[in-house]
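K.L.:
What follows is the file query05.txt, containing compact mmCIF, C-alpha atoms:
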```txt
# COMPACT_ATOMS: atom_id res chain seq x y z
CA MET A 1 13.25 27.15 27.24
CA SER A 2 11.92 27.58 23.70
CA GLY A 3 13.31 26.42 20.40
CA ILE A 4 15.06 23.37 19.02
CA ARG A 5 18.63 22.56 20.02
CA PHE A 6 21.11 20.11 18.50
CA GLU A 7 24.19 19.60 20.66
CA ASP A 8 27.11 17.85 18.97
CA VAL A 9 24.79 15.36 17.25
CA SER A 10 26.16 12.47 15.18
CA HIS A 11 24.21 9.63 13.66
CA GLY A 12 24.67 6.76 11.24
CA TYR A 13 22.70 3.93 9.69
CA GLY A 14 24.75 0.80 10.25
CA GLU A 15 28.26 1.52 9.01
CA ARG A 16 27.13 4.58 7.04
CA PRO A 17 27.54 7.89 8.90
CA VAL A 18 24.74 10.35 8.10
CA LEU A 19 25.24 13.31 10.44
CA HIS A 20 28.54 14.58 11.85
CA GLU A 21 28.75 16.64 15.04
CA ILE A 22 25.83 18.93 14.30
CA SER A 23 25.22 21.81 16.69
CA LEU A 24 22.30 24.13 16.07
CA ASP A 25 19.98 26.47 17.95
CA ILE A 26 16.75 27.00 16.07
CA THR A 27 14.55 29.72 17.49
CA GLU A 28 13.31 31.39 14.28
CA GLN A 29 9.71 30.78 13.28
CA ARG A 30 10.22 29.75 9.63
CA VAL A 31 13.22 27.57 8.98
CA GLY A 32 14.03 25.68 5.78
CA ILE A 33 16.45 22.77 5.43
CA VAL A 34 17.86 22.02 1.99
CA GLY A 35 20.38 19.54 0.70
CA ALA A 36 20.93 16.85 -1.90
CA ASN A 37 19.38 13.38 -1.64
CA GLY A 38 21.17 11.43 1.09
CA SER A 39 22.70 14.56 2.61
CA GLY A 40 21.13 13.85 6.02
CA LYS A 41 18.49 16.60 6.00
CA SER A 42 15.54 14.23 6.56
CA THR A 43 17.37 12.50 9.41
CA LEU A 44 17.95 15.91 10.94
CA ALA A 45 14.23 16.73 10.69
CA ARG A 46 13.16 13.33 12.02
CA MET A 47 15.30 13.88 15.10
CA VAL A 48 13.16 16.87 16.10
CA ASN A 49 10.15 14.59 16.52
CA GLY A 50 12.14 11.73 18.01
CA LEU A 51 11.50 9.42 15.03
CA VAL A 52 15.29 9.06 14.96
CA THR A 53 17.37 9.39 18.12
CA PRO A 54 21.02 10.39 17.77
CA ASP A 55 23.85 7.90 18.26
CA ARG A 56 25.85 10.70 19.91
CA GLY A 57 24.91 14.12 21.26
CA ARG A 58 21.56 15.50 22.33
CA VAL A 59 18.49 16.93 20.61
CA SER A 60 16.01 18.91 22.68
CA VAL A 61 12.76 20.71 21.94
CA HIS A 62 11.65 23.38 24.38
CA GLY A 63 14.22 21.98 26.81
CA ARG A 64 12.96 18.39 26.59
CA ASP A 65 15.39 15.71 25.46
CA VAL A 66 13.83 13.81 22.53
CA ALA A 67 15.57 10.56 23.52
CA LYS A 68 14.37 10.65 27.12
CA ASN A 69 10.99 12.37 26.76
CA GLY A 70 9.87 11.04 23.37
CA ARG A 71 6.15 11.02 24.08
CA GLU A 72 6.19 14.51 25.54
CA VAL A 73 8.23 15.80 22.59
CA ARG A 74 5.83 14.24 20.07
CA ARG A 75 2.98 16.17 21.71
CA LEU A 76 4.99 19.32 21.10
CA VAL A 77 6.13 18.49 17.57
CA GLY A 78 3.79 17.58 14.72
CA PHE A 79 5.31 15.83 11.71
CA VAL A 80 4.12 16.02 8.09
CA PHE A 81 5.54 13.28 5.84
CA THR A 82 6.34 13.45 2.13
CA ASN A 83 3.70 10.91 1.15
CA PRO A 84 0.38 11.68 2.87
CA ASP A 85 -0.87 8.17 2.02
CA ASN A 86 1.53 6.83 4.62
CA GLN A 87 0.14 9.20 7.22
CA ILE A 88 -3.55 8.41 6.75
CA VAL A 89 -4.69 5.87 9.32
CA MET A 90 -8.47 5.99 9.31
CA PRO A 91 -10.78 5.39 6.33
CA THR A 92 -12.66 8.69 6.24
CA VAL A 93 -11.35 12.25 6.35
CA ALA A 94 -13.09 13.28 9.59
CA GLU A 95 -12.13 10.03 11.34
CA ASP A 96 -8.49 10.45 10.37
CA VAL A 97 -8.35 13.97 11.77
CA ALA A 98 -10.14 12.82 14.95
CA PHE A 99 -7.62 9.98 15.31
CA SER A 100 -4.97 12.50 16.43
CA LEU A 101 -7.10 13.30 19.50
CA ARG A 102 -7.91 9.67 20.32
CA ARG A 103 -5.73 9.54 23.40
CA ARG A 104 -6.36 13.05 24.67
CA GLY A 105 -9.33 12.02 26.83
CA LEU A 106 -11.62 14.63 25.26
CA ALA A 107 -15.40 14.36 25.07
CA LYS A 108 -16.81 13.17 21.73
CA GLU A 109 -18.61 16.48 21.24
CA GLU A 110 -15.42 18.46 21.71
CA ILE A 111 -13.54 16.23 19.27
CA ALA A 112 -16.36 16.60 16.71
CA GLY A 113 -16.30 20.39 17.13
CA ARG A 114 -12.54 20.63 16.72
CA VAL A 115 -12.60 18.32 13.67
CA ALA A 116 -15.36 20.36 12.01
CA ALA A 117 -13.45 23.60 12.67
CA ILE A 118 -10.14 22.39 11.23
CA LEU A 119 -11.79 20.80 8.19
CA GLU A 120 -13.51 24.13 7.56
CA ARG A 121 -10.18 25.96 7.88
CA PHE A 122 -8.58 23.67 5.29
CA GLY A 123 -11.55 23.65 2.93
CA LEU A 124 -12.21 19.95 3.52
CA SER A 125 -15.65 20.23 5.15
CA GLY A 126 -17.35 18.85 2.07
CA HIS A 127 -15.13 15.76 2.23
CA ALA A 128 -15.57 14.96 5.94
CA ASP A 129 -17.28 11.62 5.32
CA HIS A 130 -15.42 10.77 2.12
CA ALA A 131 -12.81 8.00 1.86
CA ALA A 132 -9.45 9.61 2.69
CA HIS A 133 -7.56 7.50 0.14
CA ARG A 134 -9.74 8.75 -2.67
CA LEU A 135 -8.82 12.42 -2.19
CA SER A 136 -6.51 14.16 -4.66
CA GLY A 137 -2.80 14.46 -3.78
CA GLY A 138 -3.19 18.09 -2.67
CA GLN A 139 -6.25 17.31 -0.56
CA LYS A 140 -4.44 14.37 1.07
CA GLN A 141 -1.56 16.63 2.08
CA LEU A 142 -4.09 19.16 3.43
CA LEU A 143 -5.64 16.32 5.43
CA ALA A 144 -2.21 15.29 6.75
CA LEU A 145 -1.56 18.87 7.83
CA ALA A 146 -5.01 19.17 9.44
CA SER A 147 -4.42 15.88 11.31
CA VAL A 148 -1.18 17.31 12.69
CA LEU A 149 -2.54 20.75 13.58
CA ILE A 150 -5.64 19.52 15.39
CA ALA A 151 -3.32 18.22 18.11
CA GLU A 152 -2.10 21.83 18.57
CA PRO A 153 1.67 21.21 18.45
CA ALA A 154 4.11 24.01 19.26
CA VAL A 155 6.39 23.01 16.35
CA VAL A 156 5.51 21.62 12.91
CA VAL A 157 8.17 19.68 11.00
CA ALA A 158 7.45 18.89 7.35
CA ASP A 159 9.69 16.51 5.41
CA GLU A 160 9.41 17.42 1.72
CA PRO A 161 5.67 18.04 1.99
CA THR A 162 5.36 19.36 -1.55
CA THR A 163 7.51 16.87 -3.47
CA LEU A 164 4.54 14.84 -4.74
CA LEU A 165 2.35 17.85 -5.50
CA ASP A 166 1.78 19.98 -8.58
CA ALA A 167 2.95 23.63 -8.51
CA ARG A 168 -0.46 24.99 -7.42
CA ASN A 169 -0.87 22.58 -4.51
CA ALA A 170 2.79 23.00 -3.55
CA ARG A 171 2.22 26.75 -3.27
CA LEU A 172 -0.99 26.19 -1.27
CA ILE A 173 0.71 23.87 1.24
CA THR A 174 3.71 26.19 1.54
CA ASP A 175 1.46 29.23 2.12
CA LEU A 176 -0.41 27.31 4.80
CA LEU A 177 2.81 26.23 6.48
CA THR A 178 4.31 29.72 6.41
CA GLY A 179 1.06 31.20 7.73
CA LEU A 180 1.00 29.02 10.83
CA ASP A 181 1.41 30.46 14.31
CA GLN A 182 3.66 27.52 15.21
CA GLN A 183 7.39 27.30 14.67
CA VAL A 184 7.79 25.58 11.27
CA LEU A 185 10.72 23.52 10.02
CA VAL A 186 10.46 22.51 6.35
CA VAL A 187 12.76 20.14 4.48
CA THR A 188 12.46 20.81 0.75
CA HIS A 189 14.06 20.63 -2.67
CA GLN A 190 11.80 23.38 -3.97
CA LEU A 191 13.96 26.41 -3.25
CA GLU A 192 11.44 28.96 -4.55
CA LEU A 193 9.13 27.99 -1.68
CA LEU A 194 11.60 29.27 0.91
CA ALA A 195 11.35 32.95 -0.09
CA GLY A 196 9.42 34.07 2.98
CA PHE A 197 11.45 32.05 5.48
CA ASP A 198 13.59 33.49 8.28
CA ARG A 199 16.49 31.07 8.00
CA VAL A 200 17.71 28.34 5.67
CA ILE A 201 20.13 25.59 6.69
CA VAL A 202 22.09 23.77 3.98
CA VAL A 203 23.14 20.20 4.71
CA GLU A 204 25.83 18.49 2.66
CA GLU A 205 27.20 15.02 3.44
CA GLY A 206 25.92 15.18 7.02
CA ARG A 207 27.39 18.60 7.81
CA ILE A 208 25.93 22.10 7.97
CA VAL A 209 27.67 23.95 5.15
CA ALA A 210 25.55 27.11 5.18
CA ASP A 211 23.17 28.63 7.69
CA ASP A 212 21.85 32.04 6.75
CA VAL A 213 18.92 34.09 5.48
CA PRO A 214 17.26 32.38 2.47
CA ASP A 215 18.98 34.34 -0.33
CA ALA A 216 22.51 33.78 0.95
CA ALA A 217 21.96 30.15 1.96
CA ILE A 218 20.30 29.23 -1.33
CA ARG A 219 23.09 30.95 -3.28
CA HIS A 220 25.58 28.82 -1.38
CA TYR A 221 23.54 25.68 -2.07
CA LEU A 222 23.30 26.43 -5.79
CA GLY A 223 27.07 26.97 -5.79
CA LEU A 224 27.47 23.43 -4.45
CA LEU A 225 25.35 22.05 -7.28
CA ALA A 226 27.21 23.95 -10.00
CA MET B 1 -17.00 0.05 5.32
CA ILE B 2 -13.83 1.06 3.45
CA GLY B 3 -15.18 4.02 1.59
CA PHE B 4 -18.68 2.48 1.39
CA TYR B 5 -20.16 4.69 4.10
CA HIS B 6 -22.83 6.93 2.65
CA PRO B 7 -23.28 10.13 4.69
CA GLY B 8 -26.77 10.97 5.89
CA HIS B 9 -28.88 12.11 8.83
CA SER B 10 -31.55 9.40 8.88
CA LEU B 11 -32.54 7.52 12.02
CA LEU B 12 -30.44 4.60 10.81
CA HIS B 13 -27.40 6.86 10.36
CA ARG B 14 -27.81 8.36 13.82
CA ALA B 15 -28.51 5.12 15.69
CA PRO B 16 -25.59 3.87 17.84
CA ALA B 17 -23.43 1.30 16.02
CA LEU B 18 -23.72 -1.16 18.88
CA LEU B 19 -27.53 -1.03 18.72
CA LYS B 20 -27.44 -1.51 14.94
CA LEU B 21 -25.04 -4.41 15.30
CA GLY B 22 -27.35 -6.02 17.89
CA LEU B 23 -30.43 -5.52 15.71
CA LEU B 24 -28.58 -6.84 12.66
CA SER B 25 -27.63 -10.02 14.53
CA LEU B 26 -31.16 -10.41 15.93
CA LEU B 27 -32.88 -9.92 12.57
CA ILE B 28 -30.56 -12.38 10.85
CA ALA B 29 -31.15 -14.93 13.63
CA VAL B 30 -34.93 -14.45 13.29
CA THR B 31 -34.66 -14.81 9.51
CA VAL B 32 -32.81 -18.11 9.87
CA ALA B 33 -35.45 -19.40 12.34
CA LEU B 34 -38.43 -18.55 10.09
CA GLN B 35 -40.23 -21.43 8.38
CA GLU B 36 -42.76 -19.83 6.01
CA PRO B 37 -42.08 -17.80 2.85
CA TRP B 38 -44.66 -15.13 3.81
CA GLN B 39 -42.76 -14.55 7.08
CA LEU B 40 -39.61 -13.94 5.06
CA GLY B 41 -41.63 -11.50 2.94
CA VAL B 42 -42.44 -9.49 6.06
CA VAL B 43 -38.75 -9.28 7.11
CA LEU B 44 -37.76 -8.36 3.55
CA ALA B 45 -40.38 -5.59 3.56
CA VAL B 46 -38.94 -4.29 6.86
CA ALA B 47 -35.42 -4.30 5.37
CA VAL B 48 -36.63 -2.46 2.26
CA LEU B 49 -38.47 0.11 4.40
CA LEU B 50 -35.30 0.64 6.46
CA ALA B 51 -33.30 1.17 3.25
CA ALA B 52 -35.89 3.68 2.02
CA SER B 53 -35.88 5.53 5.35
CA ALA B 54 -32.06 5.84 5.18
CA ARG B 55 -32.42 7.53 1.74
CA LEU B 56 -29.57 5.47 0.35
CA PRO B 57 -28.98 5.70 -3.39
CA PHE B 58 -30.09 2.59 -5.25
CA ARG B 59 -26.64 2.30 -6.89
CA ALA B 60 -24.86 2.09 -3.54
CA LEU B 61 -27.24 -0.63 -2.34
CA TRP B 62 -27.00 -2.49 -5.64
CA ARG B 63 -23.20 -2.51 -5.41
CA GLN B 64 -23.46 -4.25 -2.06
CA VAL B 65 -26.25 -6.70 -2.86
CA SER B 66 -25.54 -7.61 -6.51
CA PRO B 67 -22.60 -10.00 -5.85
CA VAL B 68 -24.92 -12.35 -3.94
CA LEU B 69 -27.30 -12.53 -6.88
CA TRP B 70 -24.71 -14.60 -8.77
CA VAL B 71 -24.67 -17.07 -5.89
CA LEU B 72 -28.47 -17.18 -5.89
CA ALA B 73 -28.58 -17.67 -9.66
CA ILE B 74 -26.70 -20.95 -9.15
CA ALA B 75 -27.98 -22.08 -5.72
CA VAL B 76 -31.73 -21.48 -6.21
CA PRO B 77 -32.07 -23.69 -9.34
CA ILE B 78 -30.10 -26.43 -7.55
CA GLN B 79 -32.53 -26.25 -4.61
CA LEU B 80 -35.48 -26.38 -7.04
CA LEU B 81 -33.95 -29.40 -8.71
CA PHE B 82 -33.13 -31.40 -5.58
CA ALA B 83 -35.65 -30.05 -3.01
CA ASP B 84 -38.82 -27.99 -3.58
CA TRP B 85 -39.75 -24.37 -4.28
CA VAL B 86 -40.32 -23.59 -0.58
CA MET B 87 -36.75 -24.63 0.28
CA ALA B 88 -35.42 -22.64 -2.67
CA VAL B 89 -37.34 -19.48 -1.66
CA MET B 90 -36.35 -19.84 2.01
CA MET B 91 -32.66 -20.32 1.20
CA GLY B 92 -32.53 -17.51 -1.37
CA GLY B 93 -34.64 -15.16 0.76
CA ARG B 94 -32.56 -15.68 3.90
CA LEU B 95 -29.33 -14.96 2.04
CA LEU B 96 -30.73 -11.91 0.28
CA ILE B 97 -32.15 -10.45 3.51
CA ALA B 98 -28.91 -11.08 5.43
CA VAL B 99 -26.84 -9.31 2.75
CA LEU B 100 -29.30 -6.44 2.47
CA LEU B 101 -29.30 -5.90 6.26
CA ALA B 102 -25.49 -6.08 6.40
CA ALA B 103 -25.34 -3.57 3.53
CA LEU B 104 -27.60 -1.20 5.47
CA PHE B 105 -25.23 -1.41 8.42
CA THR B 106 -22.15 -0.85 6.23
CA LEU B 107 -23.63 2.07 4.32
CA THR B 108 -24.89 3.93 7.39
CA THR B 109 -22.04 3.31 9.87
CA THR B 110 -18.58 4.86 9.85
CA VAL B 111 -15.55 2.72 10.61
CA GLY B 112 -14.88 4.88 13.66
CA ALA B 113 -18.34 4.07 15.03
CA VAL B 114 -17.75 0.34 14.40
CA LEU B 115 -14.42 0.50 16.22
CA ASP B 116 -16.01 2.33 19.14
CA ALA B 117 -18.69 -0.38 19.24
CA CYS B 118 -16.00 -3.11 19.26
CA GLU B 119 -14.22 -1.34 22.09
CA GLN B 120 -17.50 -1.10 24.02
CA LEU B 121 -18.10 -4.81 23.48
CA LEU B 122 -14.62 -5.62 24.73
CA ARG B 123 -14.88 -3.31 27.73
CA PRO B 124 -15.74 -6.11 30.21
CA LEU B 125 -12.41 -7.73 29.23
CA ARG B 126 -10.45 -4.53 29.90
CA ARG B 127 -8.61 -6.10 32.82
CA TRP B 128 -7.07 -8.69 30.54
CA VAL B 129 -6.87 -7.03 27.11
CA ASP B 130 -5.95 -3.55 25.89
CA THR B 131 -9.19 -2.56 24.13
CA ASP B 132 -7.65 0.63 22.71
CA ARG B 133 -4.93 -1.41 21.08
CA ILE B 134 -7.43 -3.89 19.62
CA GLY B 135 -9.47 -0.97 18.24
CA LEU B 136 -6.34 0.45 16.63
CA LEU B 137 -5.41 -2.98 15.24
CA LEU B 138 -8.84 -3.31 13.62
CA ALA B 139 -8.59 0.23 12.20
CA LEU B 140 -5.18 -0.49 10.70
CA THR B 141 -6.35 -3.79 9.24
CA ILE B 142 -9.29 -2.08 7.53
CA ARG B 143 -7.06 0.78 6.40
CA SER B 144 -4.55 -1.63 4.84
CA ILE B 145 -7.04 -3.13 2.39
CA PRO B 146 -7.28 -0.16 -0.04
CA VAL B 147 -3.56 0.55 0.39
CA ILE B 148 -2.53 -2.98 -0.62
CA ALA B 149 -5.15 -3.01 -3.40
CA ALA B 150 -3.59 0.20 -4.77
CA ILE B 151 -0.08 -1.31 -4.56
CA VAL B 152 -1.23 -4.41 -6.46
CA GLY B 153 -2.88 -2.20 -9.10
CA GLU B 154 0.27 -0.10 -9.58
CA VAL B 155 2.56 -3.15 -9.74
CA MET B 156 0.27 -4.80 -12.31
CA GLU B 157 0.37 -1.65 -14.43
CA ALA B 158 4.18 -1.56 -14.15
CA ARG B 159 4.32 -5.25 -15.18
CA LYS B 160 2.14 -4.54 -18.18
CA ALA B 161 4.34 -1.60 -19.17
CA ARG B 162 7.46 -3.78 -18.97
CA GLY B 163 5.88 -6.80 -20.64
CA THR B 164 6.36 -9.21 -17.72
CA GLN B 165 2.72 -10.04 -17.14
CA GLY B 166 3.11 -13.82 -17.02
CA SER B 167 5.53 -13.98 -14.10
CA VAL B 168 4.05 -14.51 -10.62
CA MET B 169 7.36 -13.43 -9.03
CA SER B 170 7.23 -10.09 -10.84
CA LEU B 171 3.93 -9.45 -9.05
CA ALA B 172 4.63 -11.01 -5.64
CA VAL B 173 8.09 -9.56 -4.96
CA PRO B 174 7.32 -5.86 -5.56
CA VAL B 175 3.94 -6.14 -3.81
CA ILE B 176 5.55 -7.68 -0.71
CA VAL B 177 8.46 -5.20 -0.72
CA ARG B 178 6.18 -2.18 -1.16
CA SER B 179 3.72 -3.48 1.44
CA LEU B 180 6.56 -3.79 3.95
CA GLN B 181 7.81 -0.30 3.07
CA SER B 182 4.28 1.03 3.49
CA ALA B 183 3.96 -0.72 6.88
CA GLU B 184 7.25 0.80 8.01
CA ALA B 185 6.14 4.27 6.92
CA LEU B 186 2.82 3.78 8.70
CA GLY B 187 4.71 2.78 11.84
CA ASP B 188 6.64 6.06 11.67
CA ALA B 189 3.40 7.98 11.12
CA LEU B 190 1.81 6.32 14.15
CA ILE B 191 4.81 7.17 16.30
CA ALA B 192 4.74 10.76 15.03
CA ARG B 193 1.03 10.95 15.93
CA GLY B 194 1.70 9.82 19.49
CA PHE B 195 0.93 6.09 19.19
CA ASP B 196 4.40 5.00 20.16
CA ASP B 197 3.77 2.23 22.65
```
Show me the file's structure as structure tokens.
P.N.:
Amino acid sequence: MSGIRFEDVSHGYGERPVLHEISLDITEQRVGIVGANGSGKSTLARMVNGLVTPDRGRVSVHGRDVAKNGREVRRLVGFVFTNPDNQIVMPTVAEDVAFSLRRRGLAKEEIAGRVAAILERFGLSGHADHAAHRLSGGQKQLLALASVLIAEPAVVVADEPTTLLDARNARLITDLLTGLDQQVLVVTHQLELLAGFDRVIVVEEGRIVADDVPDAAIRHYLGLLA
Amino acid sequence: MIGFYHPGHSLLHRAPALLKLGLLSLLIAVTVALQEPWQLGVVLAVAVLLAASARLPFRALWRQVSPVLWVLAIAVPIQLLFADWVMAVMMGGRLLIAVLLAALFTLTTTVGAVLDACEQLLRPLRRWVDTDRIGLLLALTIRSIPVIAAIVGEVMEARKARGTQGSVMSLAVPVIVRSLQSAEALGDALIARGFDD
């Protein structure tokens, strides 16, 4: 069973409710989630990877319940965070990418080959042995994306991946995300980046208030802001 | 190791980290056991030859070795004053050689290779300790140093901008809060990358 499914999902942080009875079936390849700060959109995205498990209801990815099969789901779903600095674990670029394969039981040569290939794909080959924390913001986000993709997930979830980037790097990351073979779920405030998407979901105060093709959904969202 | 690794393809770069670590320990032990200044000269020549063979830039080596020169500038004259020149040369030479050899290890070995070496060393204890977890713990400790240094730098800049430079609390509180936030975010990132146990 493919796709992401939310079944009557509710969640709160302490006394504060964040999501109310959300039901969604996400099968499209490029899906955007928009909403104001605190609307619950990041919580929604985090549930796909099992970083947050719902208080009520069920979230499943490819038929696997994220609450019961967390580890399996995280192999299926890669997650790109807003701040790549928080995602970098190892000191050098190549080591950080290789870290994602640490528990896969692969031979060192295979890991090295895969790392070299993905760094080449993202234009980071020249930085393989450089300190990851000394890369530019755009390069760090490229590294974060490479570290996710080397694990070959079926779904990539990105939580505001372009918020800290300049316009050029934001476009680069968005183009890379939209060009992926994987199903991609992007949470963003940058509405112009959603032009090529198949579906946009608008979240407002923990509820889905619009769920449509980008033009219609964004129009609805802008109407809320007016 | 944190960003000090200098890429290369020399014999020293390609040698297994565990072997380098063993040789480093052995050479330092030999250096400590030596009694004559000329013997120290031989070990120093070996260390310099190793550095030359690794084709490391002088600046990178200098950055590693120069801090110890301040220590020597104080300690050697004290030895000359209270002991003799042989003692002063032996003490200074041993320290210089040890730092130079350690620098060679640092500049030619990636953190990943060091962690693998630590895991290999701990392998006999596998029945009692989780070597993978210890490797990860070491990696995260090393990784935290530049992150916390950056947080301190940013908080100090913010203090300067707001004119609260004198207050220790204005440094400590935001650094602790941001370090904890960073640790929490790192925890999420580790879970997302499959390290959730």
K.L.:
Using all atoms listed in the file, I'd like every residue of chain B that has an atom within 7 Å of chain A; please write them out as an mmCIF file with C-alpha atoms, in the frame of the given file.
P.N.:
```cif
data_model
loop_
_atom_site.group_PDB
_atom_site.id
_atom_site.type_symbol
_atom_site.label_atom_id
_atom_site.label_comp_id
_atom_site.auth_asym_id
_atom_site.auth_seq_id
_atom_site.Cartn_x
_atom_site.Cartn_y
_atom_site.Cartn_z
ATOM 1 C CA ILE B 2 -13.830 1.060 3.450
ATOM 2 C CA GLY B 3 -15.180 4.020 1.590
ATOM 3 C CA PRO B 7 -23.280 10.130 4.690
ATOM 4 C CA VAL B 111 -15.550 2.720 10.610
ATOM 5 C CA GLY B 112 -14.880 4.880 13.660
ATOM 6 C CA ALA B 139 -8.590 0.230 12.200
ATOM 7 C CA LEU B 140 -5.180 -0.490 10.700
ATOM 8 C CA ARG B 143 -7.060 0.780 6.400
ATOM 9 C CA SER B 182 4.280 1.030 3.490
ATOM 10 C CA ALA B 185 6.140 4.270 6.920
ATOM 11 C CA LEU B 186 2.820 3.780 8.700
ATOM 12 C CA ASP B 188 6.640 6.060 11.670
ATOM 13 C CA ALA B 189 3.400 7.980 11.120
ATOM 14 C CA ALA B 192 4.740 10.760 15.030
ATOM 15 C CA ARG B 193 1.030 10.950 15.930
ATOM 16 C CA GLY B 194 1.700 9.820 19.490
#
```
K.L.:
Using only the atoms of stretch 7-20 of chain B listed in the file, plus 5 Å on each side, state the axis-aligned box centre and edge lengths in Å rounded to one decimal, as lines of an AutoDock Vina configuration file.
P.N.:
```
center_x = -27.9
center_y = 5.3
center_z = 11.8
size_x = 19.3
size_y = 23.6
size_z = 24.2
```
K.L.:
How many Å lie between atom CA of A:Tyr221 and atom CA of A:Gly35, rounded to one decimal?
P.N.:
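Spanning atom CA of A:Tyr221 to atom CA of A:Gly35 is a straight-line distance of 7.4 Å.
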K.L.:
Would you kindly return, as a list in words, each protein, DNA or RNA residue with an atom no farther than 8 Å from any atom of B:Met156, considering only C-alpha atoms and excluding same-chain residues fewer than 3 positions away?
P.N.:
Val152, Gly153, Arg159, Lys160, Gln165 and Leu171 of chain B
K.L.:
Let's have the selection written as a JSON list (two decimals), in the coordinates of the input, with C-alpha atoms.
P.N.:
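Okay, again_35.json is ready:
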```
[["chain", "number", "residue", "atom", "x", "y", "z"],
["B", 152, "VAL", "CA", -1.23, -4.41, -6.46],
["B", 153, "GLY", "CA", -2.88, -2.20, -9.10],
["B", 159, "ARG", "CA", 4.32, -5.25, -15.18],
["B", 160, "LYS", "CA", 2.14, -4.54, -18.18],
["B", 165, "GLN", "CA", 2.72, -10.04, -17.14],
["B", 171, "LEU", "CA", 3.93, -9.45, -9.05]]
```
K.L.:
Here is a test: counting only C-alpha atoms, which residue of A:Leu76, A:Ala117, A:Leu224, A:Val213 is nearest to A:Phe197?
P.N.:
A:Val213
K.L.:
Atom CA of A:Glu7 and atom CA of A:Arg56 are how many Å apart?
P.N.:
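Distance between the two atoms: 9.1 Å.
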K.L.:
My list of candidates is A:Ile118, A:Glu205, A:Ala210, A:Arg5. Which is closest to A:Ala144 when distances are computed with all atoms listed in the file?
P.N.:
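Of A:Ile118, A:Glu205, A:Ala210, A:Arg5, the one nearest A:Ala144 is A:Ile118, counting all atoms listed in the file.
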K.L.:
If we count all atoms listed in the file and set the cut-off at 9 Å, which residues sit around B:Lys20, ignoring sequence neighbours fewer than 6 positions away in its own chain? Please answer as a PDB file with C-alpha atoms, in the frame of the given file.
P.N.:
```
ATOM      1  CA  LEU B  12     -30.440   4.600  10.810  1.00  0.00           C
ATOM      2  CA  PHE B 105     -25.230  -1.410   8.420  1.00  0.00           C
ATOM      3  CA  THR B 109     -22.040   3.310   9.870  1.00  0.00           C
TER       4      THR B 109
END
```
K.L.:
Figure out the distance between atom CA of B:Glu36 and atom CA of B:Ser53, please, to one decimal in Å.
P.N.:
26.3 Å
K.L.:
Give the answer as one residue: which of B:Gly135, B:Leu40, B:Arg127, B:Pro67 has the shortest atom-to-atom distance to B:Val89, using all atoms listed in the file?
P.N.:
B:Leu40
K.L.:
Given the choices B:Val114, B:Leu27, B:Met87, B:Leu81, which gets closest to B:Ala15 if the distance is worked out from only C-alpha atoms?
P.N.:
B:Val114
K.L.:
Using all atoms listed in the file, determine which residues lie at most 8 Å from B:Gly92, disregarding the query and same-chain residues fewer than 3 positions distant; provide the list as JSON, numbers by chain.
P.N.:
{"B": [72, 75, 76, 88, 89, 95, 96]}
K.L.:
Could you check the closest approach to A:Thr82 for each of A:Leu164, A:Val115, A:Ile22, A:Val48 and tell me which residue wins, using only C-alpha atoms?
P.N.:
A:Leu164
K.L.:
Using all atoms listed in the file, determine which residues lie at most 12 Å from B:Gly41, disregarding the query and same-chain residues fewer than 4 positions distant; provide the list as a list in words.
P.N.:
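Counting only the stated atoms, we get Thr31, Leu34, Gln35, Glu36, Pro37, Ala45, Val46, Ala47, Val48, Val89, Met90, Gly92, Gly93, Arg94, Leu96 and Ile97 of chain B.
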K.L.:
Can those selected residues be exported to a file as an mmCIF file, in the frame of the given file so that it contains C-alpha atoms?
P.N.:
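Result saved to again01.cif:
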```cif
data_model
loop_
_atom_site.group_PDB
_atom_site.id
_atom_site.type_symbol
_atom_site.label_atom_id
_atom_site.label_comp_id
_atom_site.auth_asym_id
_atom_site.auth_seq_id
_atom_site.Cartn_x
_atom_site.Cartn_y
_atom_site.Cartn_z
ATOM 1 C CA THR B 31 -34.660 -14.810 9.510
ATOM 2 C CA LEU B 34 -38.430 -18.550 10.090
ATOM 3 C CA GLN B 35 -40.230 -21.430 8.380
ATOM 4 C CA GLU B 36 -42.760 -19.830 6.010
ATOM 5 C CA PRO B 37 -42.080 -17.800 2.850
ATOM 6 C CA ALA B 45 -40.380 -5.590 3.560
ATOM 7 C CA VAL B 46 -38.940 -4.290 6.860
ATOM 8 C CA ALA B 47 -35.420 -4.300 5.370
ATOM 9 C CA VAL B 48 -36.630 -2.460 2.260
ATOM 10 C CA VAL B 89 -37.340 -19.480 -1.660
ATOM 11 C CA MET B 90 -36.350 -19.840 2.010
ATOM 12 C CA GLY B 92 -32.530 -17.510 -1.370
ATOM 13 C CA GLY B 93 -34.640 -15.160 0.760
ATOM 14 C CA ARG B 94 -32.560 -15.680 3.900
ATOM 15 C CA LEU B 96 -30.730 -11.910 0.280
ATOM 16 C CA ILE B 97 -32.150 -10.450 3.510
#
```
K.L.:
So that I can check the surroundings of stretch 216-220 of chain A, please list as a list in words every protein, DNA and RNA residue that reaches within 8 Å of it, counting only C-alpha atoms and ignoring chain neighbours fewer than 5 positions away.
P.N.:
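The filter keeps Leu191, Val200, Ile201, Val202, Ala210 and Asp211 of chain A.
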